[in-house]
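Printed here is work.tsv (TSV, C-alpha atoms and all ligand atoms):
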```tsv
chain	number	residue	atom	x	y	z
A	1	MET	CA	-19.03	10.02	30.50
A	2	ILE	CA	-18.42	12.72	27.89
A	3	ARG	CA	-14.89	13.67	27.03
A	4	ARG	CA	-13.83	16.66	25.04
A	5	PRO	CA	-12.21	15.84	21.69
A	6	PRO	CA	-8.52	16.69	21.45
A	7	ALA	CA	-7.84	20.29	20.48
A	8	GLY	CA	-8.26	20.86	16.77
A	9	GLN	CA	-10.19	17.62	16.21
A	10	ARG	CA	-13.56	18.11	14.60
A	11	SER	CA	-16.37	16.72	16.68
A	12	LEU	CA	-19.82	16.12	15.30
A	13	PHE	CA	-21.15	16.28	18.84
A	14	PRO	CA	-20.46	19.82	20.02
A	15	LEU	CA	-22.99	19.26	22.80
A	16	PRO	CA	-23.17	16.39	25.27
A	17	PRO	CA	-25.93	13.95	24.27
A	18	SER	CA	-28.21	15.13	27.05
A	19	ALA	CA	-28.18	18.55	25.41
A	20	LEU	CA	-29.14	17.20	21.99
A	21	PRO	CA	-32.71	18.04	21.04
A	22	ALA	CA	-35.01	15.32	22.35
A	23	ALA	CA	-37.00	13.65	19.61
A	24	PRO	CA	-40.75	14.15	20.13
A	25	GLN	CA	-42.86	11.21	21.28
A	26	ALA	CA	-43.97	8.57	18.81
A	27	ALA	CA	-47.46	8.67	17.34
A	28	ALA	CA	-50.11	7.50	19.81
A	29	ALA	CA	-51.35	4.65	17.60
A	30	GLU	CA	-48.05	2.80	17.82
A	31	PRO	CA	-47.20	0.14	20.37
A	32	ALA	CA	-45.49	1.76	23.35
A	33	SER	CA	-41.88	0.84	24.00
A	34	PRO	CA	-40.83	0.31	27.60
A	35	PRO	CA	-39.35	3.45	29.18
A	36	THR	CA	-35.57	3.46	29.22
A	37	PRO	CA	-33.65	5.36	31.89
A	38	ASN	CA	-30.97	6.42	29.40
A	39	ALA	CA	-33.20	7.54	26.53
A	40	HIS	CA	-30.96	10.51	25.77
A	41	THR	CA	-27.58	9.09	26.68
A	42	PRO	CA	-26.58	7.15	23.62
A	43	GLN	CA	-24.53	4.04	24.21
A	44	ILE	CA	-22.11	3.55	21.36
A	45	GLU	CA	-20.33	0.26	20.78
A	46	ILE	CA	-17.98	-0.22	17.85
A	47	PHE	CA	-16.71	-3.67	16.90
A	48	HIS	CA	-13.76	-4.25	14.61
A	49	GLY	CA	-13.97	-7.55	12.77
A	50	ASP	CA	-15.96	-9.67	10.35
A	51	ASN	CA	-19.60	-9.06	11.15
A	52	LEU	CA	-20.87	-12.66	10.86
A	53	PRO	CA	-19.22	-14.19	13.95
A	54	ILE	CA	-19.88	-10.98	15.92
A	55	LEU	CA	-23.59	-11.02	15.04
A	56	ALA	CA	-23.80	-14.61	16.25
A	57	THR	CA	-22.89	-13.42	19.77
A	58	PHE	CA	-25.92	-11.08	20.12
A	59	ALA	CA	-29.18	-12.29	21.67
A	60	ASP	CA	-32.32	-12.94	19.62
A	61	ALA	CA	-34.59	-9.90	19.18
A	62	SER	CA	-32.07	-7.57	20.80
A	63	PHE	CA	-32.28	-4.70	18.27
A	64	ASP	CA	-35.10	-2.34	17.33
A	65	LEU	CA	-33.76	-1.14	13.99
A	66	ILE	CA	-31.06	-2.42	11.63
A	67	TYR	CA	-29.67	-0.45	8.70
A	68	ILE	CA	-26.99	-1.92	6.46
A	69	ASP	CA	-25.19	-0.64	3.41
A	70	PRO	CA	-23.09	-3.60	2.32
A	71	PRO	CA	-20.34	-3.23	-0.23
A	72	PHE	CA	-20.73	-4.60	-3.70
A	73	ASN	CA	-18.01	-6.75	-5.21
A	74	THR	CA	-17.32	-8.81	-2.14
A	75	GLY	CA	-17.25	-12.12	-3.98
A	76	HIS	CA	-14.54	-13.32	-6.30
A	77	THR	CA	-15.11	-12.82	-9.98
A	78	GLN	CA	-14.94	-16.06	-11.91
A	79	ALA	CA	-14.57	-15.26	-15.58
A	80	ARG	CA	-15.95	-18.16	-17.60
A	81	THR	CA	-16.43	-17.80	-21.33
A	82	ARG	CA	-19.16	-19.93	-22.93
A	83	ILE	CA	-18.41	-21.02	-26.49
A	84	ARG	CA	-20.08	-23.04	-29.24
A	85	THR	CA	-18.00	-24.99	-31.80
A	86	GLU	CA	-19.18	-26.22	-35.18
A	87	ARG	CA	-17.50	-27.93	-38.13
A	88	ALA	CA	-16.19	-25.40	-40.67
A	89	GLU	CA	-13.60	-25.59	-43.40
A	90	ASP	CA	-12.21	-22.20	-42.39
A	91	GLY	CA	-12.51	-22.91	-38.65
A	92	ASP	CA	-10.10	-21.50	-36.09
A	93	ARG	CA	-9.64	-24.78	-34.12
A	94	VAL	CA	-8.21	-28.08	-35.20
A	95	GLY	CA	-9.78	-31.11	-33.53
A	96	PHE	CA	-9.76	-34.89	-33.81
A	97	GLN	CA	-8.31	-36.26	-37.10
A	98	GLY	CA	-7.42	-32.76	-38.21
A	99	ARG	CA	-11.02	-31.58	-38.59
A	100	THR	CA	-11.45	-27.85	-38.34
A	101	TYR	CA	-14.05	-26.08	-36.19
A	102	ARG	CA	-15.29	-22.56	-35.90
A	103	THR	CA	-15.67	-21.18	-32.38
A	104	THR	CA	-18.41	-18.73	-31.49
A	105	VAL	CA	-18.26	-16.95	-28.15
A	106	LEU	CA	-21.76	-17.01	-26.66
A	107	GLY	CA	-20.99	-14.82	-23.68
A	108	SER	CA	-19.22	-14.56	-20.39
A	109	SER	CA	-20.66	-15.59	-17.03
A	110	ALA	CA	-18.29	-13.52	-14.97
A	111	PHE	CA	-21.00	-11.11	-13.91
A	112	ALA	CA	-23.37	-13.86	-12.80
A	113	ASP	CA	-20.69	-15.60	-10.80
A	114	ARG	CA	-19.92	-12.41	-9.00
A	115	PHE	CA	-23.60	-12.09	-8.07
A	116	ASP	CA	-23.66	-15.67	-6.84
A	117	ASP	CA	-20.73	-15.03	-4.57
A	118	TYR	CA	-22.18	-11.77	-3.38
A	119	LEU	CA	-25.50	-13.30	-2.48
A	120	ARG	CA	-23.82	-16.21	-0.72
A	121	PHE	CA	-21.92	-13.65	1.33
A	122	LEU	CA	-25.06	-11.67	2.10
A	123	GLU	CA	-27.50	-14.47	2.92
A	124	PRO	CA	-26.22	-15.63	6.35
A	125	ARG	CA	-25.88	-11.99	7.40
A	126	LEU	CA	-29.46	-11.20	6.41
A	127	GLU	CA	-30.61	-14.29	8.33
A	128	GLN	CA	-28.81	-12.91	11.37
A	129	ALA	CA	-30.50	-9.54	10.86
A	130	HIS	CA	-33.89	-11.26	10.94
A	131	ARG	CA	-33.00	-13.18	14.12
A	132	LEU	CA	-31.71	-10.06	15.85
A	133	LEU	CA	-34.74	-7.85	15.23
A	134	ALA	CA	-37.33	-7.34	17.94
A	135	SER	CA	-40.92	-8.08	16.88
A	136	HIS	CA	-41.58	-4.37	16.14
A	137	GLY	CA	-38.19	-3.96	14.44
A	138	SER	CA	-37.28	-3.20	10.84
A	139	LEU	CA	-34.41	-3.85	8.49
A	140	PHE	CA	-33.29	-1.28	5.94
A	141	LEU	CA	-31.02	-2.73	3.27
A	142	HIS	CA	-29.24	-0.11	1.18
A	143	LEU	CA	-28.14	-1.29	-2.27
A	144	ASP	CA	-28.10	-0.06	-5.82
A	145	TYR	CA	-29.76	-1.17	-9.02
A	146	HIS	CA	-27.15	-3.85	-9.74
A	147	GLU	CA	-28.17	-6.29	-7.04
A	148	VAL	CA	-31.33	-4.96	-5.38
A	149	HIS	CA	-33.66	-7.33	-7.26
A	150	TYR	CA	-31.70	-10.42	-6.24
A	151	ALA	CA	-31.58	-9.23	-2.64
A	152	LYS	CA	-35.35	-8.55	-2.68
A	153	VAL	CA	-36.02	-12.17	-3.66
A	154	MET	CA	-33.66	-13.36	-0.93
A	155	LEU	CA	-35.26	-11.16	1.73
A	156	ASP	CA	-38.75	-12.26	0.68
A	157	GLY	CA	-37.56	-15.78	1.51
A	158	ILE	CA	-36.03	-14.83	4.87
A	159	PHE	CA	-38.65	-12.38	6.17
A	160	GLY	CA	-41.70	-13.46	4.12
A	161	ARG	CA	-43.19	-11.43	1.28
A	162	ASP	CA	-45.70	-9.76	3.60
A	163	SER	CA	-42.81	-8.24	5.53
A	164	PHE	CA	-41.71	-6.15	2.56
A	165	ILE	CA	-43.10	-2.68	3.19
A	166	ASN	CA	-41.34	-0.26	0.83
A	167	GLU	CA	-38.57	0.18	-1.63
A	168	ILE	CA	-37.20	3.65	-1.00
A	169	ILE	CA	-35.47	5.32	-3.88
A	170	TRP	CA	-32.82	7.75	-2.74
A	171	ALA	CA	-32.46	10.05	-5.76
A	172	TYR	CA	-29.57	12.44	-6.18
A	173	ASP	CA	-28.44	14.52	-9.07
A	174	TYR	CA	-24.73	14.87	-8.91
A	175	GLY	CA	-21.83	14.13	-11.19
A	176	ALA	CA	-21.29	13.34	-14.83
A	177	ARG	CA	-24.05	12.34	-17.22
A	178	ALA	CA	-24.04	9.16	-19.31
A	179	THR	CA	-24.32	9.68	-23.05
A	180	LYS	CA	-25.36	6.14	-24.09
A	181	ARG	CA	-28.10	5.41	-21.50
A	182	TRP	CA	-30.10	7.24	-18.83
A	183	SER	CA	-27.72	8.32	-16.07
A	184	PRO	CA	-28.29	6.13	-13.02
A	185	LYS	CA	-28.64	8.58	-10.13
A	186	HIS	CA	-30.38	6.66	-7.38
A	187	ASP	CA	-29.85	4.03	-4.70
A	188	ASN	CA	-32.44	1.52	-3.51
A	189	ILE	CA	-33.28	0.96	0.14
A	190	LEU	CA	-35.47	-2.06	0.92
A	191	TRP	CA	-37.56	-1.88	4.08
A	192	TYR	CA	-38.64	-5.14	5.71
A	193	ALA	CA	-40.54	-5.32	8.99
A	194	LYS	CA	-40.09	-8.30	11.29
A	195	ASP	CA	-43.85	-8.26	11.86
A	196	PRO	CA	-45.79	-6.43	9.12
A	197	GLY	CA	-48.64	-5.85	11.57
A	198	ALA	CA	-46.61	-4.20	14.34
A	199	TYR	CA	-43.72	-2.15	13.01
A	200	CYS	CA	-42.57	1.27	14.17
A	201	PHE	CA	-43.59	4.13	11.84
A	202	ASN	CA	-43.55	7.48	13.63
A	203	TYR	CA	-45.63	9.41	11.12
A	204	GLU	CA	-45.40	12.62	13.15
A	205	GLN	CA	-41.63	12.46	13.02
A	206	ILE	CA	-41.53	12.72	9.24
A	207	ASP	CA	-39.88	15.92	8.10
A	208	ARG	CA	-41.86	18.04	5.66
A	209	ILE	CA	-40.70	18.98	2.19
A	210	PRO	CA	-41.82	21.90	0.02
A	211	TYR	CA	-44.64	21.51	-2.49
A	212	LEU	CA	-43.47	21.70	-6.10
A	213	ALA	CA	-46.27	24.14	-6.89
A	214	PRO	CA	-47.06	25.88	-3.58
A	215	ALA	CA	-49.36	28.37	-5.28
A	216	LEU	CA	-51.78	25.53	-6.05
A	217	VAL	CA	-52.28	24.33	-2.45
A	218	GLY	CA	-52.90	27.51	-0.47
A	219	ALA	CA	-50.73	29.40	1.97
A	220	GLU	CA	-51.30	27.22	5.04
A	221	LYS	CA	-50.50	23.92	3.32
A	222	ALA	CA	-47.60	25.49	1.48
A	223	ALA	CA	-46.13	26.71	4.77
A	224	ARG	CA	-46.50	23.28	6.39
A	225	GLY	CA	-45.05	21.41	3.41
A	226	LYS	CA	-45.84	17.82	2.53
A	227	THR	CA	-44.52	14.43	3.57
A	228	PRO	CA	-42.04	12.76	1.23
A	229	THR	CA	-43.07	9.73	-0.82
A	230	ASP	CA	-40.97	6.62	-1.26
A	231	THR	CA	-38.66	8.69	-3.48
A	232	TRP	CA	-36.29	10.72	-1.35
A	233	TRP	CA	-34.42	13.54	-3.03
A	234	HIS	CA	-31.25	14.29	-1.13
A	235	THR	CA	-27.82	15.44	-2.22
A	236	ILE	CA	-24.84	13.13	-1.82
A	237	VAL	CA	-22.26	13.97	0.84
A	238	SER	CA	-20.57	17.00	-0.62
A	239	PRO	CA	-16.90	16.33	-1.40
A	240	THR	CA	-16.08	19.68	0.17
A	241	GLY	CA	-18.79	19.89	2.82
A	242	LYS	CA	-18.49	19.77	6.61
A	243	GLU	CA	-20.22	16.39	6.80
A	244	ARG	CA	-17.52	14.66	4.82
A	245	THR	CA	-15.33	12.21	6.76
A	246	GLY	CA	-13.15	11.14	3.85
A	247	TYR	CA	-14.58	7.60	3.84
A	248	PRO	CA	-15.32	6.84	0.19
A	249	THR	CA	-18.81	5.30	0.52
A	250	GLN	CA	-20.14	7.63	3.22
A	251	LYS	CA	-23.93	8.12	3.05
A	252	PRO	CA	-25.68	11.40	3.88
A	253	LEU	CA	-26.68	11.99	7.48
A	254	GLY	CA	-30.01	13.47	6.31
A	255	VAL	CA	-31.14	10.22	4.67
A	256	LEU	CA	-30.14	8.01	7.60
A	257	SER	CA	-31.53	10.42	10.22
A	258	ARG	CA	-34.94	10.18	8.57
A	259	ILE	CA	-34.82	6.39	8.91
A	260	VAL	CA	-33.81	6.63	12.57
A	261	ARG	CA	-36.47	9.22	13.48
A	262	VAL	CA	-39.36	7.48	11.77
A	263	HIS	CA	-38.48	3.85	12.49
A	264	SER	CA	-37.22	3.89	16.08
A	265	ARG	CA	-37.74	5.66	19.38
A	266	PRO	CA	-35.39	7.38	21.82
A	267	GLY	CA	-33.66	4.75	23.93
A	268	ASP	CA	-33.94	2.05	21.25
A	269	ARG	CA	-30.94	-0.09	20.29
A	270	LEU	CA	-29.80	0.23	16.67
A	271	LEU	CA	-27.38	-1.85	14.61
A	272	ASP	CA	-25.31	-1.22	11.49
A	273	PHE	CA	-23.00	-4.13	10.75
A	274	PHE	CA	-21.47	-2.61	7.59
A	275	ALA	CA	-20.84	0.65	9.40
A	276	GLY	CA	-18.11	2.29	7.28
A	277	SER	CA	-17.66	5.83	8.54
A	278	GLY	CA	-20.48	5.37	11.09
A	279	THR	CA	-23.15	7.63	9.55
A	280	PHE	CA	-26.03	5.53	10.84
A	281	GLY	CA	-24.39	5.50	14.27
A	282	GLU	CA	-24.11	9.27	14.26
A	283	ALA	CA	-27.76	9.62	13.25
A	284	GLY	CA	-28.80	7.25	16.04
A	285	ALA	CA	-26.61	8.82	18.72
A	286	ARG	CA	-27.77	12.33	17.86
A	287	LEU	CA	-31.37	11.18	18.27
A	288	GLY	CA	-30.77	9.49	21.62
A	289	ARG	CA	-30.61	5.88	20.46
A	290	GLY	CA	-28.01	3.32	21.50
A	291	VAL	CA	-25.95	2.11	18.56
A	292	VAL	CA	-23.85	-0.94	17.77
A	293	LEU	CA	-21.55	-0.57	14.76
A	294	ILE	CA	-19.40	-3.22	13.13
A	295	ASP	CA	-16.78	-2.97	10.40
A	296	ASP	CA	-13.83	-5.13	9.44
A	297	ASN	CA	-11.81	-2.34	7.85
A	298	PRO	CA	-9.28	-0.64	10.15
A	299	GLU	CA	-9.74	2.59	8.16
A	300	ALA	CA	-13.44	2.60	8.99
A	301	ILE	CA	-12.62	2.14	12.67
A	302	ALA	CA	-10.13	5.02	12.50
A	303	VAL	CA	-12.72	7.30	10.87
A	304	MET	CA	-15.29	6.35	13.52
A	305	ARG	CA	-12.80	7.09	16.29
A	306	GLY	CA	-12.60	10.64	14.97
A	307	ARG	CA	-16.31	10.88	14.34
A	308	PHE	CA	-17.36	9.80	17.82
A	309	ALA	CA	-14.58	11.60	19.65
A	310	GLY	CA	-16.11	13.33	22.62
A	311	LEU	CA	-18.72	10.68	23.27
A	312	SER	CA	-18.26	7.69	25.51
A	313	THR	CA	-17.65	4.95	22.98
A	314	ALA	CA	-16.65	1.34	23.57
A	315	PHE	CA	-14.29	-0.01	20.92
A	316	ARG	CA	-14.10	-3.79	20.78
A	317	GLU	CA	-11.59	-5.83	18.87
A	318	ALA	CA	-13.40	-8.98	17.76
A	319	GLY	CA	-11.61	-12.24	18.41
A	320	VAL	CA	-8.87	-10.54	20.38
A	321	GLY	CA	-10.76	-10.65	23.66
A	322	ARG	CA	-9.73	-7.13	24.51
A	323	ASP	CA	-12.05	-4.22	25.22
A	324	GLU	CA	-10.87	-0.67	25.06
A	325	HIS	CA	-12.78	2.48	25.99
A	326	ALA	CA	-12.29	5.85	24.33
A	401	LIG	C1	-20.60	0.82	1.69
A	401	LIG	S1	-19.62	0.82	3.12
A	401	LIG	C2	-20.69	1.48	4.36
A	401	LIG	C3	-20.70	3.00	4.36
A	401	LIG	C4	-21.52	3.60	5.47
A	401	LIG	N1	-22.94	3.43	5.28
A	401	LIG	C5	-21.19	5.06	5.65
A	401	LIG	O1	-22.10	5.92	5.60
A	401	LIG	O2	-20.02	5.38	5.83
A	401	LIG	C6	-19.56	-0.89	3.52
A	401	LIG	C7	-18.66	-1.26	4.67
A	401	LIG	O3	-18.78	-2.65	4.94
A	401	LIG	C8	-17.54	-3.08	5.46
A	401	LIG	N2	-17.51	-4.56	5.37
A	401	LIG	C9	-17.42	-5.32	4.25
A	401	LIG	N3	-17.45	-6.62	4.56
A	401	LIG	C10	-17.55	-6.71	5.91
A	401	LIG	C11	-17.63	-7.79	6.83
A	401	LIG	N4	-17.62	-9.06	6.42
A	401	LIG	N5	-17.73	-7.50	8.15
A	401	LIG	C12	-17.73	-6.21	8.58
A	401	LIG	N6	-17.68	-5.14	7.75
A	401	LIG	C13	-17.59	-5.39	6.43
A	401	LIG	C14	-16.51	-2.36	4.62
A	401	LIG	O4	-15.27	-2.27	5.29
A	401	LIG	C15	-17.18	-1.00	4.41
A	401	LIG	O5	-16.71	-0.07	5.36
```
For this file, produce the structure as structure tokens.
Amino acid sequence: MIRRPPAGQRSLFPLPPSALPAAPQAAAAEPASPPTPNAHTPQIEIFHGDNLPILATFADASFDLIYIDPPFNTGHTQARTRIRTERAEDGDRVGFQGRTYRTTVLGSSAFADRFDDYLRFLEPRLEQAHRLLASHGSLFLHLDYHEVHYAKVMLDGIFGRDSFINEIIWAYDYGARATKRWSPKHDNILWYAKDPGAYCFNYEQIDRIPYLAPALVGAEKAARGKTPTDTWWHTIVSPTGKERTGYPTQKPLGVLSRIVRVHSRPGDRLLDFFAGSGTFGEAGARLGRGVVLIDDNPEAIAVMRGRFAGLSTAFREAGVGRDEHA
């Protein structure tokens, strides 16, 4: 059932889902997915709560595509300073029998400890992602340069190295420039397939981008454009643009829509268990996919309530045993 959003409330779904443009069929070479009666009527379920116990309630292989954009800094920082002491007449410490020692600070392990905690937080959730994916399904893990290498090693262990297909670099060019190093202006998105021999890759659904030097390729090719590589140039969500929800870590709809279009089919069931403002859910719903979104932050749930206003959305309060329908 579609309800109109309250007067004055911005809806990202001005049309009922059945009126959204139907995504073209997947490329013929791909394994066919079973027809679904509701291919263009997105089912949206939003869970409020810690994702780990909620994920445990879903059946094995019950999702076709998972995208997650976990927060950094989830673990507790444990500042531990490593020192070396040596005998010295002018030392800064007095030890046994009045001997003096000089202390040299070798470094702090606070950063490493934070990584350890972060990875311990992430690991059981990535194991759940693997369990929940259908055999043709894929996981997209969105991180940045701080922790992507550690997560890659962890995912190689969970999925198998053969299941790693691409590292997508989302490059943007916004904001201040560093003056003491190269300005980091990219995020990293790791793509793992549950089965590296049978994943969904709808080549014909890839949007085309302009050639850098169209004059060199001829008019026909220049008009068609080219497919993007594993480096995706896309602006961030504009702080003043229409897309902005106000959620601080909101990702651009254009980037996540490309993932949905190319790596799933209409009627598929998608999951984002670090949903934030619900960008992946919006991309999925607009393209006729069912979406399950989880977040433990009440502010995220409030933003998603606004974002999905006008669509039939089930809001579930985890652990409370109460279902509520918008
Ligand atoms: C980087 S944001 C996701 C932003 C999102 N991709 C978007 O476009 O708006 C990460 C989200 O994970 C949520 N989160 C962190 N730990 C969680 C947990 N254990 N269970 C559920 N959600 C969690 C945070 O509340 C936050 O909204």
Ligand LIG 401 (chain A): axis-aligned bounding box, 3 Å on each side, centre and edge lengths in Å, one decimal, as AutoDock Vina command-line options:
```
--center_x -19.1 --center_y -1.6 --center_z 5.1 --size_x 13.7 --size_y 21.0 --size_z 12.9
```
The residue from A:Lys221, A:Arg307, A:Arg258, A:Lys226 with the smallest atom-to-atom distance to ligand LIG 401 (chain A), counting all atoms listed in the file, is A:Arg307
Between A:Tyr174, A:Trp232, A:Phe63, A:Trp191, which residue has the minimum interatomic distance to Arg208 in chain A, considering all atoms listed in the file? A:Trp232
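With distances taken over all atoms listed in the file, A:Ile169 is the one residue among A:Ile169, A:Val262, A:Ala59, A:Met154 lying closest to Thr231 in chain A.
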Do you have the CA of Asp230 in chain A-CA of Phe159 in chain A distance handy?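 A separation of 20.5 Å between them.
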Could you list, as a list in words, all residues that come within 7 Å of ligand LIG 401 (chain A)? Count all atoms listed in the file.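 So, counting all atoms listed in the file, the residues near ligand LIG 401 (chain A) are Gly49, Asp50, Asn51, Leu52, Ile68, Asp69, Pro70, Pro71, Tyr247, Thr249, Gln250, Lys251, Pro252, Phe273, Phe274, Ala275, Gly276, Ser277, Gly278, Thr279, Phe280, Ile294, Asp295, Asp296, Asn297 and Ala300 of chain A.
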Contacts of Tyr192 in chain A at 8 Å (only C-alpha atoms; same-chain gap of 6+ positions) as a ChimeraX atom specification: /A:138-140,155,159,163-166
Export C-alpha atoms of the chosen residues as a compact mmCIF listing (two decimals), in the frame of the given file?
```txt
# COMPACT_ATOMS: atom_id res chain seq x y z
CA SER A 138 -37.28 -3.20 10.84
CA LEU A 139 -34.41 -3.85 8.49
CA PHE A 140 -33.29 -1.28 5.94
CA LEU A 155 -35.26 -11.16 1.73
CA PHE A 159 -38.65 -12.38 6.17
CA SER A 163 -42.81 -8.24 5.53
CA PHE A 164 -41.71 -6.15 2.56
CA ILE A 165 -43.10 -2.68 3.19
CA ASN A 166 -41.34 -0.26 0.83
```
State, in Å with one decimal place, the distance from CA of Trp170 in chain A to CA of Trp182 in chain A.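 Interatomic distance here is 16.3 Å.
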Please write as an MDAnalysis selection string the list of polymer residues whose atoms come within 8 Å of (-25.2, 5.2, 22.8), counting all atoms listed in the file and keeping to the coordinates of the file. chainID A and resid 41:45 284:285 288:291 312:313
Just the selected residues (C-alpha atoms), exported as a PDB file, in the coordinates of the input, please.
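So part_32.pdb came out as:
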```pdb
ATOM      1  CA  THR A  41     -27.580   9.090  26.680  1.00  0.00           C
ATOM      2  CA  PRO A  42     -26.580   7.150  23.620  1.00  0.00           C
ATOM      3  CA  GLN A  43     -24.530   4.040  24.210  1.00  0.00           C
ATOM      4  CA  ILE A  44     -22.110   3.550  21.360  1.00  0.00           C
ATOM      5  CA  GLU A  45     -20.330   0.260  20.780  1.00  0.00           C
ATOM      6  CA  GLY A 284     -28.800   7.250  16.040  1.00  0.00           C
ATOM      7  CA  ALA A 285     -26.610   8.820  18.720  1.00  0.00           C
ATOM      8  CA  GLY A 288     -30.770   9.490  21.620  1.00  0.00           C
ATOM      9  CA  ARG A 289     -30.610   5.880  20.460  1.00  0.00           C
ATOM     10  CA  GLY A 290     -28.010   3.320  21.500  1.00  0.00           C
ATOM     11  CA  VAL A 291     -25.950   2.110  18.560  1.00  0.00           C
ATOM     12  CA  SER A 312     -18.260   7.690  25.510  1.00  0.00           C
ATOM     13  CA  THR A 313     -17.650   4.950  22.980  1.00  0.00           C
TER      14      THR A 313
END
```
Quick one: everything within 9 Å of Lys194 in chain A, counting all atoms listed in the file, minus sequence neighbours fewer than 3 positions away in the same chain. Send it as a VMD selection string. chain A and resid 130 133 to 139 159 to 160 163 197 to 199
Coordinates-based distance that separates CA of Leu55 in chain A from CA of Glu127 in chain A (Å, one decimal): 10.2 Å
Check the smallest atom-to-atom distance from each of A:Arg120, A:Lys242, A:His142, A:Arg316 to Ile66 in chain A using only C-alpha atoms, then report the winner. A:His142
Skipping near chain neighbours, those fewer than 6 positions away, what residues fall within 6 Å of Ile189 in chain A using only C-alpha atoms, listed as a PyMOL selection string? chain A and resi 141-142+167-168
Let me make sure I understand: among A:Leu293, A:Leu270, A:Ile206, A:Leu311, which one has the smallest atom-to-atom distance to Ser62 in chain A if we use all atoms listed in the file?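 Smallest separation from Ser62 in chain A among the options: A:Leu270.
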Would you mind completing range 42-57 of chain A to N, CA and C atoms and writing the output as a PDB file, in the coordinates of the input?
```pdb
ATOM      1  N   PRO A  42     -26.831   8.241  24.548  1.00  0.00           N
ATOM      2  CA  PRO A  42     -26.580   7.150  23.620  1.00  0.00           C
ATOM      3  C   PRO A  42     -25.412   6.277  24.048  1.00  0.00           C
ATOM      4  N   GLN A  43     -25.604   4.988  23.976  1.00  0.00           N
ATOM      5  CA  GLN A  43     -24.530   4.040  24.210  1.00  0.00           C
ATOM      6  C   GLN A  43     -23.973   3.678  22.842  1.00  0.00           C
ATOM      7  N   ILE A  44     -22.700   3.833  22.662  1.00  0.00           N
ATOM      8  CA  ILE A  44     -22.110   3.550  21.360  1.00  0.00           C
ATOM      9  C   ILE A  44     -21.073   2.442  21.521  1.00  0.00           C
ATOM     10  N   GLU A  45     -21.283   1.373  20.771  1.00  0.00           N
ATOM     11  CA  GLU A  45     -20.330   0.260  20.780  1.00  0.00           C
ATOM     12  C   GLU A  45     -19.848   0.041  19.363  1.00  0.00           C
ATOM     13  N   ILE A  46     -18.543  -0.032  19.193  1.00  0.00           N
ATOM     14  CA  ILE A  46     -17.980  -0.220  17.850  1.00  0.00           C
ATOM     15  C   ILE A  46     -17.101  -1.474  17.857  1.00  0.00           C
ATOM     16  N   PHE A  47     -17.444  -2.408  16.997  1.00  0.00           N
ATOM     17  CA  PHE A  47     -16.710  -3.670  16.900  1.00  0.00           C
ATOM     18  C   PHE A  47     -15.863  -3.669  15.636  1.00  0.00           C
ATOM     19  N   HIS A  48     -14.636  -4.091  15.774  1.00  0.00           N
ATOM     20  CA  HIS A  48     -13.760  -4.250  14.610  1.00  0.00           C
ATOM     21  C   HIS A  48     -13.626  -5.740  14.306  1.00  0.00           C
ATOM     22  N   GLY A  49     -14.105  -6.147  13.148  1.00  0.00           N
ATOM     23  CA  GLY A  49     -13.970  -7.550  12.770  1.00  0.00           C
ATOM     24  C   GLY A  49     -15.036  -7.939  11.767  1.00  0.00           C
ATOM     25  N   ASP A  50     -14.948  -9.154  11.275  1.00  0.00           N
ATOM     26  CA  ASP A  50     -15.960  -9.670  10.350  1.00  0.00           C
ATOM     27  C   ASP A  50     -17.306  -9.717  11.088  1.00  0.00           C
ATOM     28  N   ASN A  51     -18.317  -9.207  10.435  1.00  0.00           N
ATOM     29  CA  ASN A  51     -19.600  -9.060  11.150  1.00  0.00           C
ATOM     30  C   ASN A  51     -20.273 -10.398  11.481  1.00  0.00           C
ATOM     31  N   LEU A  52     -20.078 -11.440  10.667  1.00  0.00           N
ATOM     32  CA  LEU A  52     -20.870 -12.660  10.860  1.00  0.00           C
ATOM     33  C   LEU A  52     -20.642 -13.310  12.235  1.00  0.00           C
ATOM     34  N   PRO A  53     -19.398 -13.594  12.612  1.00  0.00           N
ATOM     35  CA  PRO A  53     -19.220 -14.190  13.950  1.00  0.00           C
ATOM     36  C   PRO A  53     -19.616 -13.238  15.076  1.00  0.00           C
ATOM     37  N   ILE A  54     -19.501 -11.933  14.858  1.00  0.00           N
ATOM     38  CA  ILE A  54     -19.880 -10.980  15.920  1.00  0.00           C
ATOM     39  C   ILE A  54     -21.403 -10.998  16.087  1.00  0.00           C
ATOM     40  N   LEU A  55     -22.124 -11.009  14.969  1.00  0.00           N
ATOM     41  CA  LEU A  55     -23.590 -11.020  15.040  1.00  0.00           C
ATOM     42  C   LEU A  55     -24.078 -12.255  15.796  1.00  0.00           C
ATOM     43  N   ALA A  56     -23.371 -13.360  15.611  1.00  0.00           N
ATOM     44  CA  ALA A  56     -23.800 -14.610  16.250  1.00  0.00           C
ATOM     45  C   ALA A  56     -23.752 -14.516  17.774  1.00  0.00           C
ATOM     46  N   THR A  57     -23.016 -13.536  18.306  1.00  0.00           N
ATOM     47  CA  THR A  57     -22.890 -13.420  19.770  1.00  0.00           C
ATOM     48  C   THR A  57     -24.044 -12.609  20.390  1.00  0.00           C
TER      49      THR A  57
END
```
